[in-house]
Each structure stands twice: as structure tokens, then as C-alpha cells.
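Asks: Attaching a single structure in C-alpha cells format; questions to follow.
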Amino acid sequence: MSSLVPISAVMQTDRGRVRDHNEDYVIRREPNSEEEEKALGWLYIVADGVGGADAGEVASEYASQQTIAHYTANFDDPHLGNRLVNAMQTANTDLRQLVAERNENKRMATTMVATAISDQIAYIANVGDSRGYHWRSNTLRQVTKDQSLVAKLVEEGAITEAEAANHPHRNVILYSIGSEKTPQIDLFEVNLDPGDKILMCSDGLIRHVADQEISEILGSEDKDMAADHLIQLANERGGQDNISAAIIDFGELLADTTIEHSARRVAMPVLSTNGITAAPSRKFLIPYTIFLSIIEVILIVMVWIWLRF
């Protein structure tokens with residue numbers, strides 16, 4: 001791949017300890033060539049079928065797959081963030097159309113958080129209360145804003161953060177894909193440095209695991225172990241909802257990106273520890289050799305004379 005920084009990800013989802021099935025869905029779309037990487041970047045999605053709505057698992061899977069289909073088909077907009085939001089809006093229309101065609105009087109809706117990465121920028125779009133985080137140097141920052149009733153009440157000062165954690169309506173979300181004609185989809189841009197991580201998760205994780213704990217786990221374990229650990233903690237503390245975690249590593253520079261710099265260093269003079277040039281220029285090599293030969297002959301003659309007398 002052409003990216004100077006290798007990108008790798010782990011995506012896991014778990015039913016939890018209370019629900020009888022999993023309405024969460026995770027999916028990725030990674031490039032297979034340099035051309036695809038340049039045109040599409042790297043795309044990751046976590047969706048959470050809205051609790052209380054019929055066929056939440058169908059909504060999360062269908063909306064995610066449709067988002068990827070529209071994202072990859074739309075080359076008119078070179079801005080990947082705008083392309084991602086438009087793809088999610090079109091997936092919303094598709095999901096509503098699916099419900100209408102089935103004519104089953106069922107409701108289908110899902111939250112969604114999606115990340116597209118290109119040129120060291122992460123475009124994170126979300127609708128509902130699934131979250132996107134940015135981790136750097138042992139500091140975790142929530143990038144997305146929860147589109148939920150309790151988040152709105154906290155923002156307005158009606159309740160505190162502590163009250164929001166146990167509020168009876170903490171599961172009420174304000175927007176979702178499939179619930180209305182044009183849901184509000186927020187878009188955020190994050191500049192990435194090598195070593196950064198992006199975490200996307202459903203609310204089944206964050207209701208049991210605090211941000212500080214998440215930050216410590218991301219900083220002390222590799223992505224596969226970290227995802228396992230986060231889901232295990234959520235389950236140990238009740239697992240009251242489906243749990244999904246996607247960790248994207250924006251890794252260290254690849255070794256082959258230093259080839260050009262290495263070639264330049266080889267072309268420079270080799271210096272000894274005291275700063276004196278140790279490798280003489282090629283044009284002085286022949287005279288230098290002749291000089292040493294003359295000295296050698298003189299020494300041989302002197303030894304021969306000394307031995308004779």
C-alpha cells in the first residue's frame with residue numbers, strides 16, 4: 001500500500017449477558033490497491049440496532065452495508081467526510097424504503113458511528129449515541145457528541161453527568177438511521193499522528209467501562225488484547241446491552257519509507273568518532289599507495305644494511 005503509516009484494526013461485537021440476541025453490527029472496507037486507497041481510504045463502521053424497535057439487527061446490518069455501497073460508488077465528491085455523510089443519509093432512505101416494501105408495520109432503526117481515514121485525517125461521522133474516541137499518548141478524547149436525551153439535558157444544565165449515568169431515560173436517542181426522513185448526522189475531523197488510535201463503540205461498552213479505564217487499556221495492550229479486555233470488563237460488570245468495540249491503530253512508520261534517507265546517509269563521508277574523515281577520497285588512493293610502497297622499500301634497505309654491518 002502507498003500509505004506511509006500502516007493502518008490496522010480489530011472489530012469485535014458481543015451479545016452481552018442480558019439480551020437474547022445481538023443487534024450490534026461491525027463492518028470494514030479496506031483498500032486492496034494503492035488506487036483504492038487514494039480514492040476511498042479506509043472505512044470502518046459500528047452500528048447498534050435501536051432497542052425497542054423491531055428487527056434492530058436487520059437495521060444495523062442493512063444500513064451499514066448500504067452505507068459502504070454508496071460510499072464506494074460515489075466518486076463525485078473528493079471530500080471523504082462529505083461522501084461518508086451522504087452515504088449514511090442515502091442508507092437511511094434505503095432502510096426506510098425496505099420497511100415500506102415489507103409492509104409489516106415494523107420499525108427499523110440503528111445508531112451508527114463510521115470512520116474514513118485518508119492522508120492522516122480521520123473523518124468520523126455519527127448519528128445516535130454510538131461513540132468515536134481519539135487516543136494519543138495516554139490521553140483519550142471523546143470526538144463525537146451523544147445524540148441522546150440525557151446528553152441534551154446535561155448540555156442544557158438540567159441534570160449532572162452523575163445523574164445522567166442512572167437516568168431512567170438514558171437509552172432515549174434523538175436521532176437514528178431509519179427513524180426519520182433526514183436524521184442529523186454529525187461529522188468531525190481528527191488529524192492523526194503515528195501511534196494514534198481511534199476507538200468506535202456502542203453504548204453497551206461505555207455504560208460499564210469509564211473513559212479513564214479505556215485509555216489505560218488502549219495504552220498498555222495491543223489492539224486485539226485491548227478489544228477482548230474491554231468487552232470482558234463490560235460483561236463482568238453486567239453486560240446489560242450488546243457490546244461492540246472497534247480499535248484502529250494508526251501505526252509507526254514503515255521501514256521502507258526510510259530508504260531514501262538511508263541512501264543519502266550512505267553517500268556522505270564516513271566519520272570517525274573524533275570527527276576526522278576516515279574514508280579518503282578515491283582520487284588520492286593511488287598516490288597514497290605509492291607513498292606507502294616507497295616507505296616499505298626504504299625500511300627493507302635499512303634493515304639489510306644493518307644486518308650486513
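If you're wondering about the labels, chains in the C-alpha cells are A, B, ... by order shown, residues count from 1 in each chain, ligands from 1 in order shown.
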If we count only C-alpha atoms and set the cut-off at 12 Å, which residues sit around A:Glu189, ignoring sequence neighbours fewer than 2 positions away in its own chain? Please answer as a list of chain:residue names.
Replies: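 The neighbour list is A:His79, A:Leu80, A:Gly81, A:Asn82, A:Ala114, A:Thr115, A:Ala116, A:Ile117, A:Ser118, A:Asp119, A:Gln120, A:Ile121, A:Ala122, A:Tyr123, A:Ile124, A:Ala125, A:Asn126, A:Gly132, A:Tyr133, A:His134, A:Val143, A:Thr144, A:Asp186, A:Leu187, A:Asn191, A:Leu192, A:Ile198.
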Asks: Stretch 174-270 of chain A near stretch 42-66 of chain A within 8 Å: what's each residue's closest atom pair and its distance in Å to one decimal, counting only C-alpha atoms, ordered by chain then ascending residue number, as a tab-separated table?
Replies:
residue	atom	partner	partner_atom	distance
A:Ser176	CA	A:Val50	CA	8.0
A:Ile177	CA	A:Ala63	CA	7.5
A:Gly178	CA	A:Ala59	CA	7.8
A:Met200	CA	A:Val46	CA	6.7
A:Cys201	CA	A:Val46	CA	6.6
A:Ser202	CA	A:Asp48	CA	6.3
A:Ser244	CA	A:Val46	CA	7.3
A:Ala245	CA	A:Val46	CA	7.8
A:Ala246	CA	A:Val46	CA	7.4
Asks: Between atom CA of A:Met11 and atom CA of A:Leu174, what is the distance, to one decimal in Å?
Replies: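 Between atom CA of A:Met11 and atom CA of A:Leu174 the gap works out to 26.0 Å.
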Asks: Among stretch 86-272 of chain A, which residues does DSSP mark as strand (DSSP E or B) when it is run on the backbone? Keep the chain and numbering as in the structure and answer as a PyMOL selection string.
Replies: chain A and resi 110-118+121-127+131-136+139-142+148+173+177+186-191+196-201+243-250+271
Asks: Can I get the selection written as a CSV table (one decimal), in the first residue's frame, with C-alpha atoms?
Replies:
chain,number,residue,atom,x,y,z
A,110,THR,CA,-30.0,2.0,14.1
A,111,THR,CA,-27.3,4.3,15.5
A,112,MET,CA,-24.1,4.4,13.6
A,113,VAL,CA,-20.5,5.7,14.0
A,114,ALA,CA,-18.3,5.5,11.0
A,115,THR,CA,-14.6,6.4,10.4
A,116,ALA,CA,-13.0,7.1,7.0
A,117,ILE,CA,-9.2,7.6,7.1
A,118,SER,CA,-7.0,9.1,4.3
A,121,ILE,CA,-7.0,12.5,8.6
A,122,ALA,CA,-9.9,10.6,10.3
A,123,TYR,CA,-13.4,11.6,9.2
A,124,ILE,CA,-15.7,10.4,12.0
A,125,ALA,CA,-19.5,10.6,11.4
A,126,ASN,CA,-22.1,9.6,13.9
A,127,VAL,CA,-25.8,9.5,14.5
A,131,ARG,CA,-19.2,6.9,20.1
A,132,GLY,CA,-15.9,7.7,18.4
A,133,TYR,CA,-12.8,8.4,20.5
A,134,HIS,CA,-9.3,9.6,19.7
A,135,TRP,CA,-6.4,8.2,21.8
A,136,ARG,CA,-2.9,9.8,21.8
A,139,THR,CA,-4.9,10.7,26.6
A,140,LEU,CA,-8.4,9.7,25.5
A,141,ARG,CA,-10.8,12.3,24.0
A,142,GLN,CA,-14.4,11.7,23.0
A,148,SER,CA,-29.4,11.4,23.3
A,173,ILE,CA,-31.8,8.8,21.5
A,177,ILE,CA,-30.9,6.0,10.8
A,186,ASP,CA,-22.5,15.0,12.8
A,187,LEU,CA,-19.1,15.0,11.1
A,188,PHE,CA,-15.7,15.5,12.8
A,189,GLU,CA,-12.2,15.7,11.5
A,190,VAL,CA,-9.2,14.4,13.5
A,191,ASN,CA,-5.6,14.9,12.5
A,196,ASP,CA,-2.6,7.3,17.5
A,197,LYS,CA,-5.7,5.1,17.9
A,198,ILE,CA,-9.4,5.5,17.0
A,199,LEU,CA,-11.9,3.7,19.2
A,200,MET,CA,-15.5,3.3,18.0
A,201,CYS,CA,-18.0,1.6,20.3
A,243,ILE,CA,-21.2,-4.6,23.3
A,244,SER,CA,-19.1,-3.6,20.3
A,245,ALA,CA,-15.6,-2.2,20.1
A,246,ALA,CA,-13.5,-1.3,17.0
A,247,ILE,CA,-9.9,-0.2,17.6
A,248,ILE,CA,-8.0,1.3,14.7
A,249,ASP,CA,-4.2,1.6,15.0
A,250,PHE,CA,-2.5,4.4,13.1
A,271,LEU,CA,33.3,10.0,10.0
Asks: Quick one: distance from atom CA of A:Arg29 to atom CA of A:Asp14 in Å, one decimal?
Replies: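 Spanning atom CA of A:Arg29 to atom CA of A:Asp14 is a straight-line distance of 20.5 Å.
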Asks: Would you list, as an MDAnalysis selection string, the residues of stretch 47-221 of chain A that end up in helix (DSSP H, G or I) under DSSP run on this structure's backbone?
Replies: chainID A and resid 56:73 80:102 149:155 161:165 203:206 211:220
Asks: As an exercise, work out the distance from atom CA of A:Lys38 to atom CA of A:Ile68 in Å and give it to one decimal place.
Replies: 16.2 Å
